[in-house]
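Student: Contents of query29.txt (compact mmCIF, C-alpha atoms and all ligand atoms) are given next:
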# COMPACT_ATOMS: atom_id res chain seq x y z
CA MET A 1 64.28 34.82 96.65
CA THR A 2 63.39 38.54 96.72
CA THR A 3 62.76 40.13 100.11
CA THR A 4 60.53 43.18 100.17
CA LEU A 5 59.43 45.69 102.80
CA ILE A 6 56.30 47.77 102.30
CA THR A 7 55.66 50.55 104.81
CA GLY A 8 52.07 51.34 105.79
CA ALA A 9 50.91 47.99 104.44
CA ASN A 10 48.27 47.08 107.02
CA LYS A 11 45.58 48.47 104.68
CA GLY A 12 44.90 50.29 101.42
CA LEU A 13 47.40 50.32 98.56
CA GLY A 14 50.19 48.93 100.72
CA PHE A 15 48.15 45.89 101.73
CA GLU A 16 47.17 45.19 98.11
CA THR A 17 50.81 45.59 97.04
CA ALA A 18 51.83 43.08 99.71
CA ARG A 19 49.20 40.62 98.48
CA ARG A 20 50.39 40.89 94.88
CA LEU A 21 54.11 40.66 95.64
CA LEU A 22 53.55 37.62 97.84
CA ALA A 23 51.71 36.03 94.91
CA ALA A 24 54.72 36.90 92.71
CA GLY A 25 56.95 34.93 95.10
CA HIS A 26 58.47 37.70 97.22
CA THR A 27 59.11 37.30 100.92
CA VAL A 28 57.18 40.30 102.22
CA TYR A 29 57.63 42.30 105.39
CA LEU A 30 54.26 43.98 105.93
CA GLY A 31 55.10 47.25 107.68
CA SER A 32 52.61 48.73 110.14
CA ARG A 33 53.06 51.39 112.79
CA ASP A 34 50.54 49.58 114.99
CA PRO A 35 51.76 46.08 115.98
CA GLU A 36 48.28 44.60 116.31
CA ARG A 37 46.99 45.96 112.98
CA GLY A 38 50.19 44.66 111.39
CA ARG A 39 49.86 41.22 112.98
CA VAL A 40 46.27 40.83 111.78
CA ALA A 41 47.01 42.07 108.24
CA ALA A 42 50.15 39.94 107.87
CA GLY A 43 48.23 36.91 109.16
CA ARG A 44 45.59 37.39 106.46
CA LEU A 45 48.23 37.29 103.73
CA GLY A 46 50.96 35.05 105.09
CA ALA A 47 53.41 37.97 105.22
CA ARG A 48 55.92 38.78 107.97
CA ALA A 49 54.63 41.54 110.25
CA LEU A 50 57.14 44.33 110.92
CA THR A 51 56.35 47.18 113.28
CA ILE A 52 57.63 50.40 111.75
CA ASP A 53 56.48 53.95 112.44
CA VAL A 54 58.18 56.07 109.79
CA THR A 55 58.12 59.16 112.02
CA ASP A 56 60.07 57.45 114.80
CA ASP A 57 63.87 56.99 114.64
CA ALA A 58 63.93 54.18 117.21
CA SER A 59 61.11 52.27 115.51
CA VAL A 60 62.78 52.50 112.08
CA ALA A 61 66.21 51.54 113.48
CA ALA A 62 64.73 48.51 115.27
CA ALA A 63 62.92 47.43 112.09
CA ALA A 64 66.16 47.68 110.09
CA ARG A 65 68.01 45.58 112.69
CA THR A 66 65.32 42.89 112.50
CA VAL A 67 65.38 42.71 108.71
CA GLU A 68 69.19 42.68 108.65
CA ALA A 69 69.34 39.87 111.22
CA GLU A 70 66.85 37.81 109.20
CA GLY A 71 68.84 38.06 105.96
CA GLY A 72 68.57 41.53 104.38
CA LEU A 73 66.42 43.42 101.90
CA ASP A 74 66.09 43.68 98.10
CA VAL A 75 63.03 45.89 97.61
CA LEU A 76 61.76 48.82 99.68
CA VAL A 77 58.32 50.26 98.96
CA ASN A 78 57.96 53.62 100.69
CA ASN A 79 54.18 53.63 100.79
CA ALA A 80 53.20 55.02 104.22
CA GLY A 81 51.56 58.40 103.77
CA ILE A 82 48.93 60.81 105.01
CA GLU A 83 46.86 63.44 103.24
CA GLY A 84 45.75 65.36 106.31
CA ARG A 85 42.06 65.80 105.48
CA ARG A 86 39.73 67.24 108.09
CA PRO A 87 37.45 64.77 109.96
CA ASP A 88 34.54 65.80 107.67
CA GLY A 89 36.60 64.69 104.65
CA SER A 90 37.36 68.17 103.31
CA VAL A 91 40.83 69.16 102.12
CA VAL A 92 42.53 71.98 104.07
CA SER A 93 42.45 75.05 101.80
CA ALA A 94 45.40 77.28 100.94
CA ALA A 95 44.04 80.01 103.25
CA ASP A 96 43.88 77.57 106.18
CA THR A 97 47.28 75.92 105.60
CA THR A 98 49.61 76.49 108.53
CA ALA A 99 53.28 75.76 109.05
CA GLU A 100 52.27 73.16 111.64
CA GLU A 101 50.09 71.33 109.11
CA MET A 102 52.91 71.39 106.55
CA ARG A 103 55.28 70.01 109.19
CA THR A 104 52.90 67.13 110.02
CA LEU A 105 52.53 66.12 106.38
CA PHE A 106 56.25 66.41 105.66
CA GLU A 107 57.10 64.45 108.84
CA THR A 108 55.39 61.35 107.46
CA ASN A 109 55.49 61.75 103.67
CA VAL A 110 58.99 63.19 103.26
CA PHE A 111 61.10 62.93 106.43
CA GLY A 112 59.60 59.50 107.13
CA LEU A 113 60.49 58.31 103.64
CA VAL A 114 64.05 59.61 104.03
CA ARG A 115 64.36 58.14 107.55
CA VAL A 116 63.36 54.69 106.27
CA THR A 117 65.47 54.89 103.11
CA HIS A 118 68.52 56.02 105.09
CA ALA A 119 68.13 53.17 107.59
CA PHE A 120 67.65 50.47 104.95
CA LEU A 121 70.18 51.73 102.35
CA PRO A 122 73.08 49.69 103.75
CA LEU A 123 70.96 46.53 103.42
CA LEU A 124 69.73 47.45 99.93
CA LEU A 125 73.25 48.16 98.71
CA ARG A 126 74.21 44.59 99.65
CA SER A 127 71.45 43.22 97.41
CA ALA A 128 72.28 42.00 93.89
CA ALA A 129 69.24 43.85 92.49
CA PRO A 130 68.11 46.61 94.87
CA VAL A 131 64.86 48.44 94.15
CA VAL A 132 63.05 51.32 95.86
CA VAL A 133 59.54 52.45 94.98
CA ASN A 134 58.47 55.80 96.37
CA VAL A 135 54.69 56.15 96.36
CA SER A 136 54.18 59.71 95.18
CA SER A 137 51.03 61.23 93.66
CA GLY A 138 49.82 62.84 90.45
CA LEU A 139 49.41 65.94 92.60
CA ALA A 140 53.24 66.10 92.82
CA SER A 141 53.57 67.10 89.16
CA LEU A 142 54.30 70.82 88.73
CA THR A 143 53.46 70.38 85.05
CA GLY A 144 50.12 68.75 85.85
CA MET A 145 49.18 71.15 88.63
CA THR A 146 49.75 74.17 86.38
CA ARG A 147 47.72 72.81 83.45
CA GLU A 148 44.01 73.54 83.63
CA ASP A 149 43.05 70.36 81.78
CA SER A 150 44.89 68.07 84.22
CA PRO A 151 42.79 66.00 86.70
CA GLY A 152 44.59 67.34 89.77
CA HIS A 153 44.47 71.01 88.79
CA ALA A 154 41.42 71.85 90.96
CA TYR A 155 42.85 70.19 94.12
CA PRO A 156 42.79 73.00 96.72
CA GLY A 157 45.34 71.71 99.27
CA VAL A 158 48.93 72.91 99.63
CA ALA A 159 50.72 70.58 102.04
CA TYR A 160 50.02 67.21 100.41
CA PRO A 161 51.05 68.12 96.83
CA ALA A 162 54.12 69.94 98.18
CA SER A 163 55.14 66.90 100.22
CA LYS A 164 54.82 64.59 97.22
CA ALA A 165 56.75 67.03 94.99
CA ALA A 166 59.53 66.76 97.59
CA VAL A 167 59.29 62.95 97.33
CA ASN A 168 59.87 63.26 93.57
CA MET A 169 63.01 65.36 94.07
CA VAL A 170 64.31 63.01 96.76
CA THR A 171 63.85 60.17 94.25
CA VAL A 172 65.84 61.96 91.54
CA GLN A 173 68.72 62.75 93.89
CA TYR A 174 68.95 59.22 95.34
CA ALA A 175 68.90 57.79 91.80
CA LYS A 176 71.97 59.83 90.87
CA ALA A 177 73.76 59.02 94.13
CA PHE A 178 73.18 55.26 93.95
CA PRO A 179 73.40 54.07 90.32
CA THR A 180 73.09 50.37 91.24
CA LEU A 181 69.68 51.08 92.76
CA ARG A 182 66.46 51.19 90.69
CA ILE A 183 64.52 53.94 92.46
CA ASN A 184 61.39 55.49 91.01
CA ALA A 185 58.42 57.59 92.09
CA VAL A 186 54.96 56.31 91.19
CA GLU A 187 51.46 57.76 90.97
CA PRO A 188 48.85 55.10 91.77
CA GLY A 189 45.91 57.24 90.60
CA TYR A 190 42.86 58.35 92.57
CA THR A 191 42.04 55.20 94.54
CA ALA A 192 39.30 54.49 97.10
CA THR A 193 41.11 54.12 100.45
CA ASP A 194 40.81 55.54 103.96
CA LEU A 195 43.24 58.29 102.89
CA ASN A 196 40.47 60.02 100.91
CA MET A 197 37.45 58.67 102.84
CA ASN A 198 37.04 56.13 100.02
CA THR A 199 36.13 58.83 97.49
CA GLY A 200 38.74 57.58 94.98
CA THR A 201 37.45 56.36 91.64
CA GLN A 202 39.80 53.38 91.25
CA THR A 203 39.97 50.10 93.14
CA VAL A 204 43.07 49.20 95.18
CA GLU A 205 43.77 46.48 92.60
CA GLU A 206 44.02 49.17 89.91
CA GLY A 207 45.93 51.60 92.11
CA ALA A 208 48.54 49.07 93.24
CA GLU A 209 49.36 48.03 89.66
CA ILE A 210 52.15 50.57 89.06
CA ILE A 211 53.58 50.04 92.57
CA VAL A 212 53.76 46.28 91.99
CA ARG A 213 55.23 46.73 88.51
CA MET A 214 57.98 49.10 89.64
CA ALA A 215 58.77 46.89 92.64
CA GLN A 216 59.65 44.18 90.10
CA THR A 217 61.94 46.38 87.99
CA GLY A 218 65.06 44.47 87.00
CA PRO A 219 68.67 45.78 86.99
CA GLY A 220 68.21 47.06 83.40
CA GLY A 221 65.02 48.93 84.27
CA PRO A 222 64.48 52.67 84.67
CA THR A 223 65.70 54.69 87.64
CA GLY A 224 65.09 58.25 88.77
CA GLY A 225 61.74 58.38 86.97
CA TYR A 226 58.11 59.23 87.76
CA PHE A 227 55.50 56.83 86.42
CA ASP A 228 51.84 55.97 86.41
CA VAL A 229 50.29 52.85 84.93
CA ALA A 230 50.39 54.37 81.41
CA GLY A 231 54.07 55.35 81.47
CA ARG A 232 56.32 58.30 82.34
CA LEU A 233 54.75 61.40 83.86
CA PRO A 234 55.98 64.98 83.44
CA TRP A 235 57.62 66.36 86.60
N1 LIG A 301 44.51 56.68 97.57
C1 LIG A 301 44.89 57.51 96.62
O1 LIG A 301 44.08 58.01 95.82
C2 LIG A 301 46.34 57.85 96.47
C3 LIG A 301 46.73 58.56 95.32
C4 LIG A 301 48.06 58.88 95.15
C5 LIG A 301 48.98 58.51 96.11
N2 LIG A 301 48.57 57.83 97.22
C6 LIG A 301 49.59 57.45 98.20
O2 LIG A 301 49.53 56.06 98.40
C7 LIG A 301 50.08 55.73 99.69
C8 LIG A 301 49.15 54.77 100.41
O3 LIG A 301 47.96 55.46 100.68
P1 LIG A 301 46.51 54.76 100.73
O4 LIG A 301 45.67 55.48 99.76
O5 LIG A 301 46.64 53.29 100.66
O6 LIG A 301 46.03 55.24 102.18
P2 LIG A 301 45.60 54.45 103.52
O7 LIG A 301 44.67 53.35 103.22
O8 LIG A 301 45.21 55.53 104.46
O9 LIG A 301 46.98 53.80 103.99
C9 LIG A 301 48.02 54.58 104.48
C10 LIG A 301 48.96 53.68 105.25
O10 LIG A 301 50.05 54.49 105.76
C11 LIG A 301 50.18 54.18 107.14
N3 LIG A 301 50.84 55.25 107.89
C12 LIG A 301 50.42 56.52 108.10
N4 LIG A 301 51.30 57.15 108.91
C13 LIG A 301 52.29 56.25 109.19
C14 LIG A 301 53.46 56.29 109.96
N5 LIG A 301 53.83 57.39 110.66
N6 LIG A 301 54.25 55.19 110.02
C15 LIG A 301 53.91 54.07 109.33
N7 LIG A 301 52.79 53.95 108.63
C16 LIG A 301 51.99 55.04 108.55
C17 LIG A 301 48.77 53.91 107.62
O11 LIG A 301 48.79 53.24 108.86
P3 LIG A 301 47.54 53.33 109.92
O12 LIG A 301 46.54 52.30 109.47
O13 LIG A 301 48.21 52.99 111.21
O14 LIG A 301 47.02 54.73 109.87
C18 LIG A 301 48.29 53.02 106.48
O15 LIG A 301 48.78 51.72 106.62
C19 LIG A 301 50.30 57.07 100.40
O16 LIG A 301 51.66 57.44 100.32
C20 LIG A 301 49.44 58.03 99.60
O17 LIG A 301 49.88 59.36 99.69
C21 LIG A 301 47.28 57.49 97.41
Do you think you could lay out the structure here as structure tokens?

Tutor:
Amino acid sequence: MTTTLITGANKGLGFETARRLLAAGHTVYLGSRDPERGRVAAGRLGARALTIDVTDDASVAAAARTVEAEGGLDVLVNNAGIEGRRPDGSVVSAADTTAEEMRTLFETNVFGLVRVTHAFLPLLLRSAAPVVVNVSSGLASLTGMTREDSPGHAYPGVAYPASKAAVNMVTVQYAKAFPTLRINAVEPGYTATDLNMNTGTQTVEEGAEIIVRMAQTGPGGPTGGYFDVAGRLPW
């Protein structure tokens, strides 16, 4: 039996990933920073609700203790993330990007991912087939963002792409440090969720596909890579 934790799974891509992995036979901890939202979402799917705020040391440590006491972890999906749009849906421009805004985005997307990975690593390293999926973005690709014909090239924000580029580097370095782990960064594609005021052009079913696939990577599968549904992406 494979036990999986998905952070930020009370809605959006994380929720859909939980639904699919439950259908594939995983025991799923549905992570949510809000206990009530987590309880309702987990109840809808038959998952285990786990309160986990990735920006909070005590919350992450308590979540790790719970999962350890209940038997351990095989798969971690670091999905929780924020884009930091303004209330009117617009992306904060380069001219308006402040250090404080960068810090907020990095606190969830990068430091949160590292906080959770660090806390759950001892459990994962006890698994026979440990897997980590880091939900990155196409906007993390330096190659893509510097090519005028790439879909993300016109994206005006600074903090979000920078935070996801950091996620990619974190993935590469963990992969080298822990060779028994399959750890990869994935780009779901532009998907209609609350993150982008539902402006995305894909459904959550389409967006979750690569997350679900990489969560099921076997011991012989790739590690330290960056993938979308069509295959490897350039860094
Ligand atoms: N949608 C896209 O087009 C797209 C494209 C590329 C990558 N991504 C990435 O995909 C991931 C999922 O995003 P989504 O599109 O599904 O967005 P979403 O519907 O807004 O879901 C984001 C999830 O992250 C949770 N979250 C935010 N801050 C958190 C924290 N401090 N601790 C724990 N959970 C937290 C949210 O919880 P609350 O409900 O409590 O806010 C929510 O469950 C993100 O990493 C995002 O960057 C999305």

Student: Between atom CA of A:Ser150 and atom CA of A:Pro188, what distance in Å does the model show, to one decimal?

Tutor: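 Answer for the atom CA of A:Ser150 to atom CA of A:Pro188 separation: 15.5 Å.
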
Student: At most 12 Å from (49.2, 69.2, 86.4), file frame, only C-alpha atoms: which residues, as a list of chain:residue names?

Tutor: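 Final list of nearby residues, as requested, is A:Ser137, A:Gly138, A:Leu139, A:Ala140, A:Ser141, A:Leu142, A:Thr143, A:Gly144, A:Met145, A:Thr146, A:Arg147, A:Glu148, A:Asp149, A:Ser150, A:Pro151, A:Gly152, A:His153, A:Ala154, A:Tyr155, A:Pro161, A:Ala165, A:Leu233, A:Pro234, A:Trp235.
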
Student: Could you work out an axis-aligned box for ligand LIG 301 (chain A), taking every atom the file lists and adding 8 Å on each side, and report centre and edge lengths in Å to one decimal, as lines of an AutoDock Vina configuration file?

Tutor:
center_x = 49.2
center_y = 55.5
center_z = 103.2
size_x = 26.2
size_y = 23.6
size_z = 32.1

Student: Just to confirm, what's the straight-line distance from atom CA of A:Val116 to atom CA of A:Thr27 in Å (one decimal)?

Tutor: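 The value is 18.7 Å.
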
Student: Using all atoms listed in the file, which of the listed residues (A:Leu76, A:Ala230, A:Arg44, A:Pro156) sits closest to A:Ser93?

Tutor: A:Pro156

Student: Just want the 8 Å neighbourhood of A:Phe227, counted on only C-alpha atoms, with same-chain residues fewer than 3 positions away dropped. Output as a PyMOL selection string.

Tutor: chain A and resi 184-187+210+230-233

Student: Show me the residues around (59.7, 53.8, 114.6) - criterion: an atom at most 12 Å away, only C-alpha atoms counted - as a list in words.

Tutor: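 Final list of nearby residues, as requested, is Thr7, Gly8, Gly31, Ser32, Arg33, Asp34, Pro35, Leu50, Thr51, Ile52, Asp53, Val54, Thr55, Asp56, Asp57, Ala58, Ser59, Val60, Ala61, Ala62, Ala63, Ala64, Arg65, Thr108, Gly112, Leu113, Arg115, Val116 and Ala119 of chain A.
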
Student: Can you work out which one of A:Glu101, A:Asp74, A:Glu206, A:Asp194 has the shortest atom-to-atom distance to ligand LIG 301 (chain A), counting only C-alpha atoms and all ligand atoms?

Tutor: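 When distances to ligand LIG 301 (chain A) are compared using only C-alpha atoms and all ligand atoms, the smallest one comes from A:Asp194.
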
Student: Could you tell me how far atom CA of A:Thr104 lies from atom CA of A:Met169, in Å and to one decimal?

Tutor: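 Between atom CA of A:Thr104 and atom CA of A:Met169 the gap works out to 19.0 Å.
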
Student: Which residue gives the smallest distance to A:Arg126 among A:Ala18, A:Ala166, A:Leu73, A:Ala192, with only C-alpha atoms counted?

Tutor: A:Leu73

Student: Go through A:Arg39, A:Arg85, A:Lys11, A:Arg182 one by one, measure the shortest atom-to-atom distance of each to ligand LIG 301 (chain A) using all atoms listed in the file, and give the residue with the smallest value.

Tutor: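 The answer is A:Lys11, which sits nearest to ligand LIG 301 (chain A).
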
Student: Give the answer as one residue: which of A:Asp96, A:Glu83, A:Glu68, A:Asp228 has the shortest atom-to-atom distance to ligand LIG 301 (chain A), using only C-alpha atoms and all ligand atoms?

Tutor: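 Of all the options, A:Glu83 lies closest to ligand LIG 301 (chain A).
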
Student: Using only C-alpha atoms and all ligand atoms, which of the listed residues (A:Ala24, A:Leu13, A:Ala47, A:Ala215) sits closest to ligand LIG 301 (chain A)?

Tutor: A:Leu13

Student: Please identify all polymer residues within 12 Å of A:Thr17, counting all atoms listed in the file, omitting same-chain residues fewer than 3 positions from it, and present them as JSON, numbers by chain.

Tutor: {"A": [4, 5, 6, 7, 8, 9, 10, 11, 12, 13, 14, 20, 21, 22, 23, 24, 26, 28, 29, 30, 31, 45, 47, 76, 77, 78, 79, 133, 135, 188, 204, 205, 206, 207, 208, 209, 210, 211, 212, 213, 214, 215, 216]}
